[in-house]
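Text of the file query03.txt, holding compact mmCIF, C-alpha atoms:
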```
# COMPACT_ATOMS: atom_id res chain seq x y z
CA MET A 485 -20.21 -71.35 39.19
CA ALA A 486 -21.19 -67.84 39.28
CA PHE A 487 -20.06 -65.47 36.64
CA LYS A 488 -19.44 -62.07 37.85
CA LYS A 489 -20.21 -59.41 35.35
CA ARG A 490 -17.13 -57.36 34.87
CA LYS A 491 -17.62 -53.69 35.32
CA ILE A 492 -17.05 -51.74 32.09
CA ARG A 493 -14.48 -49.09 32.51
CA GLU A 494 -15.41 -45.70 31.22
CA ALA A 495 -13.53 -45.07 28.00
CA GLU A 496 -13.00 -41.36 27.39
CA ILE A 497 -10.29 -39.21 25.95
CA PRO A 498 -9.58 -36.37 28.32
CA SER A 499 -10.46 -33.35 26.24
CA SER A 500 -10.45 -30.62 28.81
CA SER A 501 -7.05 -29.38 27.68
CA MET A 502 -7.98 -29.34 24.01
CA ALA A 503 -9.12 -25.74 24.28
CA ASP A 504 -5.79 -24.77 25.80
CA ILE A 505 -3.88 -26.40 22.98
CA ALA A 506 -6.06 -24.67 20.42
CA PHE A 507 -5.56 -21.32 22.11
CA LEU A 508 -1.83 -21.87 22.03
CA LEU A 509 -1.94 -22.53 18.29
CA LEU A 510 -4.13 -19.47 17.82
CA LEU A 511 -1.67 -17.31 19.70
CA PHE A 512 1.20 -18.62 17.62
CA PHE A 513 -0.57 -17.60 14.43
CA LEU A 514 -1.56 -14.24 15.84
CA VAL A 515 2.05 -13.46 16.63
CA SER A 516 3.75 -14.81 13.55
CA THR A 517 1.49 -13.42 10.84
CA THR A 518 0.63 -9.99 9.59
CA ILE A 519 -2.71 -8.63 8.52
CA ASP A 520 -1.40 -5.43 7.06
CA VAL A 521 -2.80 -4.69 3.64
CA ASP A 522 -0.48 -2.98 1.26
CA THR A 523 -1.97 0.33 0.45
CA GLY A 524 -0.23 3.20 -1.17
CA ILE A 525 0.16 5.48 -4.13
CA GLY A 526 1.05 3.54 -7.25
CA LEU A 527 3.29 5.04 -9.89
CA THR A 528 5.28 3.95 -12.90
CA LEU A 529 8.71 5.48 -13.19
CA PRO A 530 9.95 6.64 -16.58
CA GLU A 531 12.49 4.58 -18.44
CA TYR A 532 16.10 5.28 -17.60
CA ILE A 533 17.91 7.14 -20.32
CA PRO A 534 21.57 8.06 -19.79
CA PRO A 535 22.06 11.84 -19.59
CA GLU A 536 24.05 12.04 -22.83
CA GLN A 537 21.20 10.47 -24.80
CA GLN A 538 18.51 12.62 -23.31
CA GLU A 539 16.63 14.77 -25.74
CA PHE A 540 14.57 17.74 -24.92
CA ALA A 541 11.03 17.05 -25.98
CA PRO A 542 9.09 20.26 -26.29
CA MET A 543 5.63 20.17 -24.82
CA SER A 544 2.95 22.80 -25.14
CA LYS A 545 2.35 24.85 -22.01
CA ASP A 546 -1.31 23.99 -22.19
CA ARG A 547 -0.68 20.27 -21.66
CA MET A 548 1.71 20.69 -18.83
CA ALA A 549 0.96 21.11 -15.15
CA ALA A 550 4.33 21.61 -13.52
CA LEU A 551 4.41 21.18 -9.78
CA LEU A 552 7.53 22.32 -8.02
CA ILE A 553 8.11 21.66 -4.34
CA ASN A 554 11.03 23.37 -2.69
CA ALA A 555 12.93 22.50 0.45
CA ALA A 556 10.68 24.62 2.65
CA GLY A 557 7.60 22.77 1.43
CA ASP A 558 6.20 25.57 -0.74
CA VAL A 559 4.31 24.39 -3.80
CA LEU A 560 4.47 26.13 -7.15
CA LEU A 561 1.95 25.21 -9.85
CA ASN A 562 2.86 26.76 -13.20
CA ASN A 563 4.78 29.56 -11.47
CA GLU A 564 1.95 30.38 -9.11
CA GLN A 565 2.43 29.70 -5.44
CA ILE A 566 -0.40 27.70 -3.88
CA SER A 567 -0.92 25.67 -0.75
CA VAL A 568 -0.87 21.88 -0.79
CA ASN A 569 -4.62 21.64 -0.26
CA GLN A 570 -5.34 23.77 -3.34
CA VAL A 571 -3.61 21.41 -5.76
CA LYS A 572 -6.67 19.22 -6.25
CA GLU A 573 -9.06 22.08 -7.00
CA LYS A 574 -6.60 23.71 -9.37
CA LEU A 575 -5.98 20.54 -11.35
CA LYS A 576 -9.54 19.27 -11.66
CA PRO A 577 -10.84 21.81 -14.23
CA ARG A 578 -7.75 21.27 -16.34
CA ILE A 579 -8.23 17.50 -16.36
CA ILE A 580 -11.93 17.87 -17.16
CA SER A 581 -11.24 20.21 -20.08
CA LYS A 582 -9.09 17.53 -21.71
CA ILE A 583 -11.40 14.51 -21.42
CA ASN A 584 -12.45 14.57 -25.05
CA LEU A 585 -9.07 15.35 -26.53
CA PRO A 586 -6.96 12.61 -28.17
CA LYS A 587 -4.41 10.74 -26.12
CA LYS A 588 -1.51 12.86 -27.25
CA LYS A 589 -3.10 15.99 -25.84
CA LYS A 590 -4.07 14.86 -22.32
CA LEU A 591 -2.77 16.67 -19.30
CA VAL A 592 0.66 15.74 -18.00
CA VAL A 593 1.37 16.45 -14.36
CA SER A 594 5.02 16.83 -13.66
CA VAL A 595 6.27 16.75 -10.09
CA LYS A 596 9.68 18.09 -9.30
CA THR A 597 11.26 18.32 -5.88
CA ASP A 598 14.40 19.60 -4.29
CA ARG A 599 16.81 17.15 -2.69
CA LYS A 600 15.99 18.66 0.70
CA THR A 601 12.21 18.48 0.33
CA ASN A 602 10.42 16.55 3.04
CA TYR A 603 9.09 13.20 1.81
CA ASN A 604 5.80 13.74 3.60
CA VAL A 605 5.08 16.94 1.67
CA TYR A 606 5.83 15.14 -1.59
CA ILE A 607 3.37 12.39 -0.70
CA GLN A 608 0.72 14.96 0.23
CA VAL A 609 1.08 16.61 -3.18
CA LEU A 610 0.98 13.27 -5.01
CA ASP A 611 -2.09 12.40 -2.97
CA GLN A 612 -3.77 15.60 -4.11
CA VAL A 613 -2.92 14.91 -7.76
CA LYS A 614 -4.23 11.35 -7.53
CA GLY A 615 -7.30 12.61 -5.71
CA ALA A 616 -8.03 15.06 -8.50
CA TYR A 617 -7.82 12.29 -11.10
CA PHE A 618 -9.98 9.92 -9.05
CA GLU A 619 -12.66 12.55 -8.55
CA VAL A 620 -12.76 13.44 -12.23
CA ARG A 621 -13.02 9.75 -13.12
CA ASP A 622 -15.85 9.31 -10.64
CA GLU A 623 -17.75 12.32 -11.95
CA TYR A 624 -17.29 11.20 -15.52
CA SER A 625 -18.52 7.66 -14.86
CA ARG A 626 -21.52 8.99 -12.95
CA LYS A 627 -22.41 11.21 -15.88
CA THR A 628 -22.02 8.59 -18.59
CA TYR A 629 -22.91 5.34 -16.80
CA GLY A 630 -24.79 6.57 -13.75
CA ARG A 631 -22.53 4.68 -11.38
CA PRO A 632 -19.30 5.51 -9.55
CA PHE A 633 -16.06 4.30 -11.10
CA LYS A 634 -15.54 1.34 -8.79
CA ASP A 635 -18.96 -0.13 -9.65
CA LEU A 636 -18.36 -0.14 -13.40
CA ASN A 637 -17.60 -3.38 -15.21
CA GLU A 638 -14.19 -3.99 -16.68
CA GLU A 639 -15.04 -2.80 -20.17
CA GLU A 640 -16.45 0.49 -18.91
CA GLN A 641 -13.55 1.04 -16.53
CA LYS A 642 -11.17 0.59 -19.43
CA ASP A 643 -13.06 3.21 -21.37
CA VAL A 644 -12.95 5.70 -18.51
CA ARG A 645 -9.28 4.96 -17.98
CA SER A 646 -8.48 5.70 -21.61
CA LYS A 647 -10.52 8.90 -21.47
CA ILE A 648 -8.85 10.07 -18.27
CA PRO A 649 -5.40 8.51 -18.06
CA ILE A 650 -3.27 9.33 -15.05
CA ILE A 651 -0.04 10.71 -16.43
CA ILE A 652 2.29 11.76 -13.67
CA SER A 653 5.82 12.43 -14.67
CA ILE A 654 8.58 12.43 -12.12
CA ALA A 655 11.07 14.92 -13.46
CA GLU A 656 14.78 14.26 -13.65
CA PRO A 657 16.29 15.38 -10.37
CA GLU A 658 17.89 18.78 -10.27
CA ALA A 659 18.05 21.67 -7.86
CA VAL A 660 14.87 23.64 -7.43
CA LYS A 661 15.03 27.17 -6.12
CA MET B 699 -40.34 -23.69 62.02
CA LYS B 700 -37.82 -25.29 59.88
CA PHE B 701 -35.90 -23.34 57.33
CA GLU B 702 -34.72 -25.12 54.33
CA LYS B 703 -32.35 -23.71 51.83
CA LYS B 704 -33.77 -23.63 48.36
CA ARG B 705 -31.49 -25.21 45.93
CA ALA B 706 -31.85 -25.47 42.21
CA ASN B 707 -31.79 -28.92 40.85
CA ALA B 708 -30.19 -27.96 37.56
CA LYS B 709 -26.54 -28.65 36.90
CA GLN B 710 -24.35 -25.69 37.64
CA GLU B 711 -21.79 -26.02 34.92
CA ILE B 712 -20.92 -24.14 31.82
CA PRO B 713 -20.77 -26.55 28.93
CA THR B 714 -17.25 -26.30 27.55
CA ALA B 715 -17.31 -29.17 25.16
CA SER B 716 -17.59 -26.91 22.13
CA MET B 717 -14.90 -24.50 23.24
CA PRO B 718 -12.13 -26.16 21.19
CA ASP B 719 -14.35 -25.99 18.12
CA ILE B 720 -14.85 -22.29 18.57
CA VAL B 721 -11.16 -21.70 19.07
CA PHE B 722 -10.26 -23.79 16.04
CA MET B 723 -12.68 -21.72 14.00
CA LEU B 724 -10.91 -18.55 15.13
CA LEU B 725 -7.59 -20.18 14.36
CA LEU B 726 -8.72 -21.07 10.85
CA PHE B 727 -9.94 -17.54 10.27
CA PHE B 728 -6.55 -16.13 11.18
CA MET B 729 -4.69 -18.69 9.12
CA VAL B 730 -6.72 -17.83 6.05
CA SER B 731 -6.84 -14.07 6.37
CA THR B 732 -3.20 -13.37 7.18
CA THR B 733 0.14 -13.95 5.59
CA LEU B 734 3.25 -15.18 7.29
CA ARG B 735 5.84 -12.62 8.23
CA GLU B 736 8.68 -13.21 5.84
CA VAL B 737 11.36 -10.81 6.92
CA ASP B 738 12.39 -8.94 9.99
CA VAL B 739 12.50 -5.21 9.53
CA TYR B 740 15.65 -3.73 10.98
CA VAL B 741 14.86 -0.08 10.44
CA LYS B 742 12.44 2.14 12.30
CA TYR B 743 10.02 4.01 10.12
CA GLN B 744 6.74 5.87 10.25
CA LEU B 745 4.67 5.89 7.08
CA PRO B 746 3.06 9.06 5.75
CA GLU B 747 -0.69 9.32 5.43
CA ALA B 748 -2.75 9.90 2.30
CA LYS B 749 -6.34 9.69 1.13
CA SER B 750 -6.33 8.62 -2.50
CA ILE B 751 -4.66 5.27 -2.10
CA GLU B 752 -4.99 1.94 -3.84
CA LYS B 753 -4.46 -1.61 -2.73
CA ILE B 754 -1.78 -3.75 -4.28
CA GLU B 755 -3.75 -6.63 -5.71
CA ASN B 756 -1.06 -9.23 -6.07
CA LYS B 757 1.07 -9.63 -3.00
CA ARG B 758 3.33 -12.17 -4.61
CA LEU B 759 4.71 -9.58 -7.00
CA VAL B 760 5.74 -7.20 -4.28
CA SER B 761 9.31 -6.57 -3.27
CA TYR B 762 9.95 -4.19 -0.40
CA ILE B 763 12.37 -1.40 0.24
CA TRP B 764 12.39 0.21 3.67
CA VAL B 765 14.00 3.48 4.54
CA GLY B 766 14.31 4.18 8.24
CA ASN B 767 14.34 7.45 10.11
CA ASP B 768 18.13 7.22 10.29
CA GLY B 769 18.42 6.95 6.50
CA ARG B 770 19.34 3.28 6.40
CA ILE B 771 17.94 1.29 3.50
CA GLN B 772 16.71 -2.26 3.77
CA LEU B 773 16.00 -4.26 0.64
CA ASN B 774 13.94 -7.38 1.33
CA ASP B 775 15.97 -8.93 4.16
CA ALA B 776 19.23 -7.03 4.38
CA ILE B 777 20.53 -3.54 4.94
CA VAL B 778 22.03 -2.28 1.69
CA LYS B 779 23.73 0.77 0.26
CA VAL B 780 22.09 2.84 -2.45
CA GLU B 781 24.48 1.57 -5.14
CA GLU B 782 23.65 -2.04 -4.30
CA ILE B 783 19.98 -1.66 -5.14
CA GLN B 784 20.44 -1.78 -8.89
CA PRO B 785 22.13 -5.21 -9.24
CA LEU B 786 19.87 -6.77 -6.62
CA MET B 787 16.70 -5.39 -8.15
CA TYR B 788 17.84 -6.35 -11.62
CA LYS B 789 18.25 -9.96 -10.51
CA LYS B 790 14.82 -9.82 -8.96
CA ARG B 791 13.31 -8.43 -12.13
CA VAL B 792 14.80 -11.16 -14.27
CA SER B 793 13.11 -13.81 -12.14
CA LEU B 794 9.92 -11.81 -11.71
CA PRO B 795 9.36 -9.53 -14.74
CA ASN B 796 6.48 -7.46 -13.43
CA VAL B 797 7.69 -6.89 -9.92
CA ILE B 798 6.12 -4.07 -7.93
CA VAL B 799 8.47 -2.29 -5.58
CA SER B 800 6.75 -1.10 -2.44
CA LEU B 801 8.63 1.81 -0.93
CA ARG B 802 8.12 2.06 2.80
CA ILE B 803 9.84 5.29 3.54
CA ASP B 804 9.88 7.18 6.79
CA LYS B 805 7.87 10.34 6.46
CA ASN B 806 10.64 12.62 7.63
CA SER B 807 13.10 11.46 4.98
CA GLU B 808 14.55 13.82 2.45
CA MET B 809 13.59 13.58 -1.18
CA GLY B 810 17.25 13.36 -2.20
CA LEU B 811 17.50 9.83 -0.85
CA VAL B 812 14.15 8.89 -2.37
CA THR B 813 15.26 10.24 -5.73
CA ASP B 814 18.51 8.26 -5.54
CA ILE B 815 16.57 5.07 -4.87
CA GLN B 816 14.22 5.86 -7.72
CA GLN B 817 17.13 6.43 -10.08
CA GLU B 818 18.56 3.05 -9.08
CA LEU B 819 15.21 1.39 -9.71
CA ARG B 820 14.95 3.05 -13.10
CA LYS B 821 18.40 1.76 -14.00
CA ALA B 822 17.34 -1.73 -12.92
CA ASP B 823 14.21 -1.27 -15.02
CA ALA B 824 11.95 -2.07 -12.06
CA ARG B 825 9.64 0.80 -12.76
CA ARG B 826 6.39 -0.13 -11.09
CA ILE B 827 6.56 1.40 -7.65
CA ASN B 828 4.17 2.04 -4.84
CA TYR B 829 4.71 4.59 -2.12
CA SER B 830 3.39 2.81 0.91
CA THR B 831 1.08 5.06 2.92
CA LEU B 832 -1.51 4.73 5.59
CA LEU B 833 -5.09 5.83 5.15
CA LYS B 834 -5.70 9.31 6.47
CA GLN B 835 -8.77 9.29 8.66
```
File written out as structure tokens:
Amino acid sequence: MAFKKRKIREAEIPSSSMADIAFLLLLFFLVSTTIDVDTGIGLTLPEYIPPEQQEFAPMSKDRMAALLINAAGDVLLNNEQISVNQVKEKLKPRIISKINLPKKKKLVVSVKTDRKTNYNVYIQVLDQVKGAYFEVRDEYSRKTYGRPFKDLNEEEQKDVRSKIPIIISIAEPEAVK
Amino acid sequence: MKFEKKRANAKQEIPTASMPDIVFMLLLFFMVSTTLREVDVYVKYQLPEAKSIEKIENKRLVSYIWVGNDGRIQLNDAIVKVEEIQPLMYKKRVSLPNVIVSLRIDKNSEMGLVTDIQQELRKADARRINYSTLLKQ
């Protein structure tokens, strides 16, 4: 009797469509997810105090940098009309002059707007104020630690932050002329 | 004279066996680096641009408020009125004490509306806010 050797069938999983399936999955994730990073200007609003309990806290003129923005987009810094791009340069020397003063005497930037002011102008002004603070912080950390602010360790950053705190006060809304 | 066509002996095929691996790698990259879209935004808005901006470190703490170019306000997943922000945000703050409110406001809005929203947030004691902006190039 002769035994015939049976031919071995080729055993293979068809994998040519694997790439297609993977691409489909990839597309699904591309469509359904977002990569946007949340960037923006951070701020802490003041505590809400009902109008009848509000007290007028006097503050020395020297500490205060009052920014008024009217409906037409004109900017007033301490009763002097300036353009939006000048805000940073005007604020920087005042922040620098108060680095070594105690916490109670640091500069307070107050931003007040009209109800009709354009939001974009408001953001541009806030951007300038923040920019001024960031630049002063950077210069200060370069002078004392020899590195920019973002390269400092946590302890040093804390020190710089306490020396140059960002105090932006959003004034109670009222009409601005 | 006999002409013979020269023909290479090598296989003429692009090896595609590793293609799925490459695609899966891409897929993994996207799964890791992105977050799932949680809500549909019903309002149309265009963010303002600024230079001195920071990143929000902890995305889990963020709660969003959108303001569209038509003045409609969307809080998380629904269109709301200004007066409804306070109770909703207060509830949110109770469950998440240090919530950050990201304000995505159309750049042509008026400050009056923004101030109203801010007043509501102050009443709800959700005071950490972030004006969402794009980076100015």
Exercise for the section: Mind checking which residues fall within 7 Å of stretch 582-587 of chain A, counting only C-alpha atoms, ignoring those fewer than 4 positions away in the same chain, and posting them as an MDAnalysis selection string? Expected result: chainID A and resid 578 591 647:648
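When all atoms listed in the file are used to compute distances to A:Val644, the closest of the residues A:Asp522, A:Glu623, A:Glu573, A:Asp598 turns out to be A:Glu623.
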Practice task
Rank A:Glu494, A:Asp611, A:Glu564, A:Glu536 by their smallest atom-to-atom distance to chain B, using all atoms listed in the file, and report the top residue only.
Solution key: A:Asp611
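Counting from atom CA of B:Tyr762, the distance to atom CA of B:Val780 is 14.2 Å.
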Practice task
Please identify every residue of chain B that has at least one atom no more than 8 Å from any atom of chain A, counting all atoms listed in the file, and report them as a VMD selection string.
Solution key: chain B and resid 715 717 to 718 721 to 722 724 to 725 728 to 729 731 to 735 746 to 754 804 to 813 816 to 817 820 to 821 823 825 to 833
Exercise for the section: Using all atoms listed in the file, pick whichever of B:Ile798, B:Val737, B:Leu819, B:Lys703 has the shortest atom-to-atom distance to B:Val760. Expected result: B:Ile798
Practice task
Record the distance separating atom CA of B:Glu818 and atom CA of B:Glu781, expressed in Å with one decimal.
Solution key: 7.3 Å
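Counting all atoms listed in the file, the residue from A:Lys590, A:Ile652, A:Ile580, A:Val595 that sits nearest to A:Asp622 is A:Ile580.
Put simply, atom CA of A:Ser653 is 15.8 Å away from atom CA of A:Val571.
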Practice task
Step by step: start from the point (20.0, -2.2, -9.2) in the file's coordinates, keep every protein, DNA or RNA residue that has an atom no farther than 7 Å from it, count all atoms listed in the file, and write the set as a PyMOL selection string.
Solution key: chain B and resi 782-788+818-819+821-822
